[in-house]
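These notes concern the structure reproduced below.
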Amino acid sequence: MGIVNIDDELHDQLRKASKVSVRSINAQAAYWIKLGMLCETNPSLSFAEIMEREFSAAGVVAQPLAAQPLGMVRHDEAA
């Protein structure tokens, strides 16, 4: 493990993203680094394809969402 120097703006973006994704700042940085590496080494794959492969490799089985017309919000979701 080591120390990585990053500029203040990137650190601010990490801090904000970590709150949204409920990760620590270090975990968010590690996530972005891993995804960046996967994207660079697999340029023909989309983000969704990379994530699908990572979830599958970890044994995660995602359930498909029910189809909803674009722009439609269920009454219980409106707020």
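FYI, nothing fancy with the structure tokens labels: chains A, B, ... in order, residues from 1 per chain, ligands from 1 as they appear.
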**OP:** Please report, as a PyMOL selection string, each residue of chain A to which DSSP assigns helix (DSSP H, G or I) when run on this structure's backbone.
**Re:** chain A and resi 8-21+25-41+47-57
Original post:
What gap, in Å, lies between CA of Lys34 in chain A and CA of Met51 in chain A?
Top reply: 11.2 Å
Counting only C-alpha atoms, what is within 12 Å of Ile33 in chain A, bar same-chain residues fewer than 6 positions away, as a PDB file with N, CA and C atoms, in the first residue's frame?
ATOM      1  N   VAL A   4      -0.721   8.096  -2.900  1.00  0.00           N
ATOM      2  CA  VAL A   4      -0.851   8.626  -4.251  1.00  0.00           C
ATOM      3  C   VAL A   4      -1.164  10.113  -4.138  1.00  0.00           C
ATOM      4  N   LEU A  14     -13.563  13.053  -5.834  1.00  0.00           N
ATOM      5  CA  LEU A  14     -13.584  11.771  -5.116  1.00  0.00           C
ATOM      6  C   LEU A  14     -14.458  11.861  -3.870  1.00  0.00           C
ATOM      7  N   ASN A  26     -11.006   6.569  -0.065  1.00  0.00           N
ATOM      8  CA  ASN A  26     -10.019   5.606  -0.561  1.00  0.00           C
ATOM      9  C   ASN A  26     -10.680   4.509  -1.388  1.00  0.00           C
ATOM     10  N   ALA A  27     -11.831   4.016  -0.949  1.00  0.00           N
ATOM     11  CA  ALA A  27     -12.532   2.975  -1.703  1.00  0.00           C
ATOM     12  C   ALA A  27     -13.014   3.514  -3.047  1.00  0.00           C
ATOM     13  N   CYS A  39     -10.990  -0.501 -18.281  1.00  0.00           N
ATOM     14  CA  CYS A  39     -11.386   0.173 -19.526  1.00  0.00           C
ATOM     15  C   CYS A  39     -10.203   0.299 -20.480  1.00  0.00           C
ATOM     16  N   GLU A  40      -9.042   0.642 -19.947  1.00  0.00           N
ATOM     17  CA  GLU A  40      -7.859   0.783 -20.802  1.00  0.00           C
ATOM     18  C   GLU A  40      -7.408  -0.553 -21.378  1.00  0.00           C
TER      19      GLU A  40
END
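Every protein, DNA or RNA residue with an atom at most 12 Å from Gly36 in chain A, where only C-alpha atoms count and chain neighbours fewer than 6 positions away do not, is listed here: Ala29, Ala30, Asn42, Pro43, Ser46, Phe47, Ile50 and Met51 of chain A.
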**OP:** Using only C-alpha atoms, find the one residue out of A:Lys16, A:Arg23, A:His11, A:Arg53 that sits nearest to Leu35 in chain A.
**Re:**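 The answer is A:Arg53, which sits nearest to Leu35 in chain A.
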